[in-house]
$ cat input_15.cif   # mmCIF, C-alpha atoms; chains and numbers go by the auth columns
data_run
loop_
_atom_site.group_PDB
_atom_site.id
_atom_site.type_symbol
_atom_site.label_atom_id
_atom_site.label_comp_id
_atom_site.label_asym_id
_atom_site.label_seq_id
_atom_site.Cartn_x
_atom_site.Cartn_y
_atom_site.Cartn_z
_atom_site.B_iso_or_equiv
_atom_site.auth_seq_id
_atom_site.auth_asym_id
ATOM 1 C CA MET A 1 13.144 -22.108 -8.925 0.00 1 D
ATOM 2 C CA SER A 2 14.026 -19.478 -11.506 0.00 2 D
ATOM 3 C CA ALA A 3 16.470 -16.653 -10.873 0.00 3 D
ATOM 4 C CA VAL A 4 13.656 -14.106 -11.007 0.00 4 D
ATOM 5 C CA THR A 5 11.638 -15.937 -8.362 0.00 5 D
ATOM 6 C CA ALA A 6 14.701 -16.327 -6.146 0.00 6 D
ATOM 7 C CA THR A 7 15.500 -12.623 -6.492 0.00 7 D
ATOM 8 C CA ILE A 8 11.934 -11.609 -5.587 0.00 8 D
ATOM 9 C CA LEU A 9 11.882 -13.932 -2.569 0.00 9 D
ATOM 10 C CA ALA A 10 15.307 -12.749 -1.394 0.00 10 D
ATOM 11 C CA GLY A 11 14.185 -9.127 -1.728 0.00 11 D
ATOM 12 C CA ALA A 12 11.031 -9.852 0.259 0.00 12 D
ATOM 13 C CA VAL A 13 12.944 -11.609 3.043 0.00 13 D
ATOM 14 C CA LEU A 14 15.574 -8.866 3.254 0.00 14 D
ATOM 15 C CA THR A 15 12.893 -6.153 3.294 0.00 15 D
ATOM 16 C CA TYR A 16 11.088 -7.934 6.118 0.00 16 D
ATOM 17 C CA LEU A 17 14.310 -8.394 8.102 0.00 17 D
ATOM 18 C CA ALA A 18 15.250 -4.732 7.663 0.00 18 D
ATOM 19 C CA ARG A 19 11.841 -3.567 8.865 0.00 19 D
ATOM 20 C CA ALA A 20 11.704 -6.036 11.748 0.00 20 D
ATOM 21 C CA GLY A 21 15.277 -5.185 12.743 0.00 21 D
ATOM 22 C CA GLY A 22 14.513 -1.486 12.785 0.00 22 D
ATOM 23 C CA HIS A 23 11.460 -2.110 14.920 0.00 23 D
ATOM 24 C CA LEU A 24 13.427 -4.288 17.340 0.00 24 D
ATOM 25 C CA VAL A 25 16.208 -1.723 17.692 0.00 25 D
ATOM 26 C CA LEU A 26 13.857 1.225 18.234 0.00 26 D
ATOM 27 C CA SER A 27 11.625 -0.702 20.637 0.00 27 D
ATOM 28 C CA ARG A 28 14.560 -1.042 23.059 0.00 28 D
ATOM 29 C CA PHE A 29 14.521 2.716 23.707 0.00 29 D
ATOM 30 C CA SER A 30 11.948 4.290 25.994 0.00 30 D
ATOM 31 C CA ARG A 31 12.377 7.664 24.285 0.00 31 D
ATOM 32 C CA ILE A 32 13.640 8.487 20.809 0.00 32 D
ATOM 33 C CA HIS A 33 15.817 11.557 20.326 0.00 33 D
ATOM 34 C CA PRO A 34 13.975 14.296 18.377 0.00 34 D
ATOM 35 C CA ARG A 35 16.653 14.340 15.666 0.00 35 D
ATOM 36 C CA VAL A 36 16.280 10.603 15.107 0.00 36 D
ATOM 37 C CA GLU A 37 12.501 10.977 14.944 0.00 37 D
ATOM 38 C CA ALA A 38 12.833 13.852 12.459 0.00 38 D
ATOM 39 C CA GLY A 39 15.160 11.733 10.327 0.00 39 D
ATOM 40 C CA LEU A 40 12.756 8.808 10.351 0.00 40 D
ATOM 41 C CA ASN A 41 9.877 11.109 9.426 0.00 41 D
ATOM 42 C CA ALA A 42 11.889 12.334 6.409 0.00 42 D
ATOM 43 C CA VAL A 43 12.431 8.833 4.979 0.00 43 D
ATOM 44 C CA PRO A 44 9.144 8.602 2.980 0.00 44 D
ATOM 45 C CA ALA A 45 9.837 11.919 1.241 0.00 45 D
ATOM 46 C CA ALA A 46 13.393 10.837 0.452 0.00 46 D
ATOM 47 C CA VAL A 47 12.231 7.535 -1.018 0.00 47 D
ATOM 48 C CA LEU A 48 9.543 9.273 -3.067 0.00 48 D
ATOM 49 C CA THR A 49 12.139 11.718 -4.389 0.00 49 D
ATOM 50 C CA THR A 50 14.405 8.883 -5.526 0.00 50 D
ATOM 51 C CA LEU A 51 11.488 7.384 -7.438 0.00 51 D
ATOM 52 C CA VAL A 52 10.209 10.613 -8.999 0.00 52 D
ATOM 53 C CA ALA A 53 13.466 12.427 -9.825 0.00 53 D
ATOM 54 C CA PRO A 54 14.631 10.074 -12.619 0.00 54 D
ATOM 55 C CA ALA A 55 11.215 10.241 -14.288 0.00 55 D
ATOM 56 C CA ALA A 56 11.239 14.021 -14.082 0.00 56 D
ATOM 57 C CA TYR A 57 14.755 14.219 -15.488 0.00 57 D
ATOM 58 C CA THR A 58 14.578 11.663 -18.300 0.00 58 D
ATOM 59 C CA GLY A 59 10.833 11.343 -18.843 0.00 59 D
ATOM 60 C CA GLY A 60 8.896 12.271 -21.898 0.00 60 D
ATOM 61 C CA PRO A 61 5.719 14.326 -22.154 0.00 61 D
ATOM 62 C CA ALA A 62 3.559 11.661 -20.476 0.00 62 D
ATOM 63 C CA GLU A 63 5.784 11.521 -17.396 0.00 63 D
ATOM 64 C CA ILE A 64 6.094 15.307 -17.129 0.00 64 D
ATOM 65 C CA ALA A 65 2.314 15.765 -17.469 0.00 65 D
ATOM 66 C CA ALA A 66 1.644 13.075 -14.854 0.00 66 D
ATOM 67 C CA LEU A 67 4.080 14.721 -12.443 0.00 67 D
ATOM 68 C CA ALA A 68 2.446 18.106 -13.000 0.00 68 D
ATOM 69 C CA VAL A 69 -1.051 16.741 -12.433 0.00 69 D
ATOM 70 C CA ALA A 70 0.090 14.838 -9.339 0.00 70 D
ATOM 71 C CA GLY A 71 1.700 18.025 -8.017 0.00 71 D
ATOM 72 C CA VAL A 72 -1.524 19.991 -8.446 0.00 72 D
ATOM 73 C CA VAL A 73 -3.556 17.238 -6.780 0.00 73 D
ATOM 74 C CA ALA A 74 -1.026 17.108 -3.909 0.00 74 D
ATOM 75 C CA LEU A 75 -1.683 20.779 -3.149 0.00 75 D
ATOM 76 C CA GLY A 76 -5.339 20.137 -2.424 0.00 76 D
ATOM 77 C CA GLY A 77 -5.524 16.487 -1.445 0.00 77 D
ATOM 78 C CA GLY A 78 -3.751 13.726 0.370 0.00 78 D
ATOM 79 C CA MET A 79 -1.080 11.294 -0.674 0.00 79 D
ATOM 80 C CA MET A 80 -3.378 8.566 -1.979 0.00 80 D
ATOM 81 C CA PRO A 81 -5.332 10.809 -4.386 0.00 81 D
ATOM 82 C CA MET A 82 -2.010 12.188 -5.610 0.00 82 D
ATOM 83 C CA PHE A 83 -0.597 8.722 -6.315 0.00 83 D
ATOM 84 C CA LEU A 84 -3.757 7.437 -7.949 0.00 84 D
ATOM 85 C CA THR A 85 -4.269 10.512 -10.120 0.00 85 D
ATOM 86 C CA GLY A 86 -0.633 10.607 -11.196 0.00 86 D
ATOM 87 C CA ALA A 87 -0.646 6.906 -12.059 0.00 87 D
ATOM 88 C CA ALA A 88 -3.929 7.204 -13.966 0.00 88 D
ATOM 89 C CA VAL A 89 -2.677 10.165 -16.002 0.00 89 D
ATOM 90 C CA LEU A 90 0.599 8.388 -16.739 0.00 90 D
ATOM 91 C CA ILE A 91 -1.120 5.195 -17.851 0.00 91 D
ATOM 92 C CA LEU A 92 -3.622 7.080 -20.000 0.00 92 D
ATOM 93 C CA LEU A 93 -1.025 9.290 -21.688 0.00 93 D
ATOM 94 C CA ARG A 94 1.368 6.414 -22.299 0.00 94 D
ATOM 95 C CA HIS A 95 -1.502 4.539 -23.911 0.00 95 D
ATOM 96 C CA LEU A 96 -2.559 7.519 -26.061 0.00 96 D
ATOM 97 C CA ILE A 97 0.879 8.886 -26.955 0.00 97 D
ATOM 98 C CA GLY A 98 2.670 5.581 -27.195 0.00 98 D
#
$ encode --input "input_15.cif" --output "structure tokens"
Amino acid sequence: MSAVTATILAGAVLTYLARAGGHLVLSRFSRIHPRVEAGLNAVPAAVLTTLVAPAAYTGGPAEIAALAVAGVVALGGGMMPMFLTGAAVLILLRHLIG
């Protein structure tokens, strides 16, 4: 098994264990404190920010344009149209600009 395959498998197993562990811990409580629930609801936005911020800071014109288009789509649509439109614009502009 190559190092890349081992790394991917280890990442998959650790991701599964982290998710299953979180589920097991939270399932032991009959009621979740509102602050904990608010923190858990903020996790997707925090993860998205860590993915988008470096591209916004160090990206070229293709990345900036894709972020702008995705931002406009996010104002009127849901998350999936935003992701798909942003990815499509990024792929197209990277192909055209180089």
$ atom_distance --input "input_15.cif" --atom1 "CA of Leu48 (chain D)" --atom2 "CA of Phe83 (chain D)"
10.7 Å
$ closest_residue --input "input_15.cif" --among "D:Leu40, D:Arg35, D:Val89, D:Gly60" --to "His23 (chain D)" --atoms "only C-alpha atoms"
D:Leu40
$ resolve_selection --input "input_15.cif" --expression "the PyMOL selection byres ((chain D and resi 65) around 12)" --output "list of chain:residue names"
D:Ala55, D:Ala56, D:Gly59, D:Gly60, D:Pro61, D:Ala62, D:Glu63, D:Ile64, D:Ala66, D:Leu67, D:Ala68, D:Val69, D:Ala70, D:Gly71, D:Val72, D:Thr85, D:Gly86, D:Ala87, D:Ala88, D:Val89, D:Leu90, D:Ile91, D:Leu92, D:Leu93, D:Arg94, D:Ile97
$ atom_distance --input "input_15.cif" --atom1 "CA of Ala3 (chain D)" --atom2 "CA of Ala20 (chain D)"
25.4 Å
$ axis_aligned_box --input "input_15.cif" --around "region 73-87 of chain D" --padding-each-side "6 Å" --output "lines of an AutoDock Vina configuration file"
center_x = -3.1
center_y = 13.8
center_z = -5.8
size_x = 16.9
size_y = 25.9
size_z = 24.4
$ atom_distance --input "input_15.cif" --atom1 "CA of Leu14 (chain D)" --atom2 "CA of Val47 (chain D)"
17.3 Å
$ decode --input "input_15.cif" --residues "region 10-33 of chain D" --atoms "N, CA and C atoms" --output "PDB file, in the first residue's frame"
ATOM      1  N   ALA D  10      -6.401   6.472   6.437  1.00  0.00           N
ATOM      2  CA  ALA D  10      -6.303   6.931   7.825  1.00  0.00           C
ATOM      3  C   ALA D  10      -7.186   8.160   8.038  1.00  0.00           C
ATOM      4  N   GLY D  11      -7.183   9.077   7.076  1.00  0.00           N
ATOM      5  CA  GLY D  11      -8.047  10.252   7.178  1.00  0.00           C
ATOM      6  C   GLY D  11      -9.515   9.874   7.192  1.00  0.00           C
ATOM      7  N   ALA D  12      -9.887   8.906   6.370  1.00  0.00           N
ATOM      8  CA  ALA D  12     -11.286   8.461   6.330  1.00  0.00           C
ATOM      9  C   ALA D  12     -11.693   7.821   7.650  1.00  0.00           C
ATOM     10  N   VAL D  13     -10.834   6.971   8.188  1.00  0.00           N
ATOM     11  CA  VAL D  13     -11.150   6.299   9.461  1.00  0.00           C
ATOM     12  C   VAL D  13     -11.245   7.320  10.590  1.00  0.00           C
ATOM     13  N   LEU D  14     -10.303   8.244  10.658  1.00  0.00           N
ATOM     14  CA  LEU D  14     -10.329   9.251  11.719  1.00  0.00           C
ATOM     15  C   LEU D  14     -11.541  10.176  11.588  1.00  0.00           C
ATOM     16  N   THR D  15     -11.918  10.530  10.364  1.00  0.00           N
ATOM     17  CA  THR D  15     -13.109  11.349  10.163  1.00  0.00           C
ATOM     18  C   THR D  15     -14.347  10.615  10.640  1.00  0.00           C
ATOM     19  N   TYR D  16     -14.454   9.336  10.291  1.00  0.00           N
ATOM     20  CA  TYR D  16     -15.595   8.539  10.738  1.00  0.00           C
ATOM     21  C   TYR D  16     -15.636   8.444  12.257  1.00  0.00           C
ATOM     22  N   LEU D  17     -14.490   8.180  12.882  1.00  0.00           N
ATOM     23  CA  LEU D  17     -14.452   8.050  14.341  1.00  0.00           C
ATOM     24  C   LEU D  17     -14.812   9.371  15.024  1.00  0.00           C
ATOM     25  N   ALA D  18     -14.359  10.485  14.472  1.00  0.00           N
ATOM     26  CA  ALA D  18     -14.698  11.780  15.057  1.00  0.00           C
ATOM     27  C   ALA D  18     -16.196  12.047  14.968  1.00  0.00           C
ATOM     28  N   ARG D  19     -16.784  11.741  13.818  1.00  0.00           N
ATOM     29  CA  ARG D  19     -18.227  11.958  13.666  1.00  0.00           C
ATOM     30  C   ARG D  19     -19.025  11.000  14.540  1.00  0.00           C
ATOM     31  N   ALA D  20     -18.647   9.735  14.549  1.00  0.00           N
ATOM     32  CA  ALA D  20     -19.360   8.758  15.370  1.00  0.00           C
ATOM     33  C   ALA D  20     -19.189   9.075  16.849  1.00  0.00           C
ATOM     34  N   GLY D  21     -17.995   9.491  17.244  1.00  0.00           N
ATOM     35  CA  GLY D  21     -17.766   9.854  18.647  1.00  0.00           C
ATOM     36  C   GLY D  21     -18.598  11.043  19.068  1.00  0.00           C
ATOM     37  N   GLY D  22     -18.679  12.042  18.218  1.00  0.00           N
ATOM     38  CA  GLY D  22     -19.523  13.195  18.526  1.00  0.00           C
ATOM     39  C   GLY D  22     -20.977  12.804  18.665  1.00  0.00           C
ATOM     40  N   HIS D  23     -21.434  11.935  17.790  1.00  0.00           N
ATOM     41  CA  HIS D  23     -22.818  11.471  17.863  1.00  0.00           C
ATOM     42  C   HIS D  23     -23.057  10.692  19.155  1.00  0.00           C
ATOM     43  N   LEU D  24     -22.123   9.823  19.505  1.00  0.00           N
ATOM     44  CA  LEU D  24     -22.277   9.030  20.729  1.00  0.00           C
ATOM     45  C   LEU D  24     -22.282   9.914  21.975  1.00  0.00           C
ATOM     46  N   VAL D  25     -21.427  10.907  22.011  1.00  0.00           N
ATOM     47  CA  VAL D  25     -21.382  11.799  23.174  1.00  0.00           C
ATOM     48  C   VAL D  25     -22.671  12.598  23.274  1.00  0.00           C
ATOM     49  N   LEU D  26     -23.122  13.195  22.177  1.00  0.00           N
ATOM     50  CA  LEU D  26     -24.327  14.023  22.229  1.00  0.00           C
ATOM     51  C   LEU D  26     -25.590  13.203  22.435  1.00  0.00           C
ATOM     52  N   SER D  27     -25.597  11.951  22.022  1.00  0.00           N
ATOM     53  CA  SER D  27     -26.796  11.130  22.193  1.00  0.00           C
ATOM     54  C   SER D  27     -27.019  10.736  23.659  1.00  0.00           C
ATOM     55  N   ARG D  28     -26.030  10.907  24.500  1.00  0.00           N
ATOM     56  CA  ARG D  28     -26.171  10.578  25.922  1.00  0.00           C
ATOM     57  C   ARG D  28     -26.949  11.641  26.683  1.00  0.00           C
ATOM     58  N   PHE D  29     -27.118  12.829  26.076  1.00  0.00           N
ATOM     59  CA  PHE D  29     -27.826  13.914  26.741  1.00  0.00           C
ATOM     60  C   PHE D  29     -29.263  13.978  26.241  1.00  0.00           C
ATOM     61  N   SER D  30     -30.189  14.169  27.161  1.00  0.00           N
ATOM     62  CA  SER D  30     -31.593  14.292  26.745  1.00  0.00           C
ATOM     63  C   SER D  30     -31.866  15.680  26.176  1.00  0.00           C
ATOM     64  N   ARG D  31     -31.110  16.675  26.650  1.00  0.00           N
ATOM     65  CA  ARG D  31     -31.295  18.044  26.171  1.00  0.00           C
ATOM     66  C   ARG D  31     -29.924  18.685  26.009  1.00  0.00           C
ATOM     67  N   ILE D  32     -29.740  19.389  24.921  1.00  0.00           N
ATOM     68  CA  ILE D  32     -28.465  20.056  24.657  1.00  0.00           C
ATOM     69  C   ILE D  32     -28.613  21.527  25.045  1.00  0.00           C
ATOM     70  N   HIS D  33     -27.607  22.047  25.726  1.00  0.00           N
ATOM     71  CA  HIS D  33     -27.625  23.447  26.139  1.00  0.00           C
ATOM     72  C   HIS D  33     -27.683  24.334  24.892  1.00  0.00           C
TER      73      HIS D  33
END
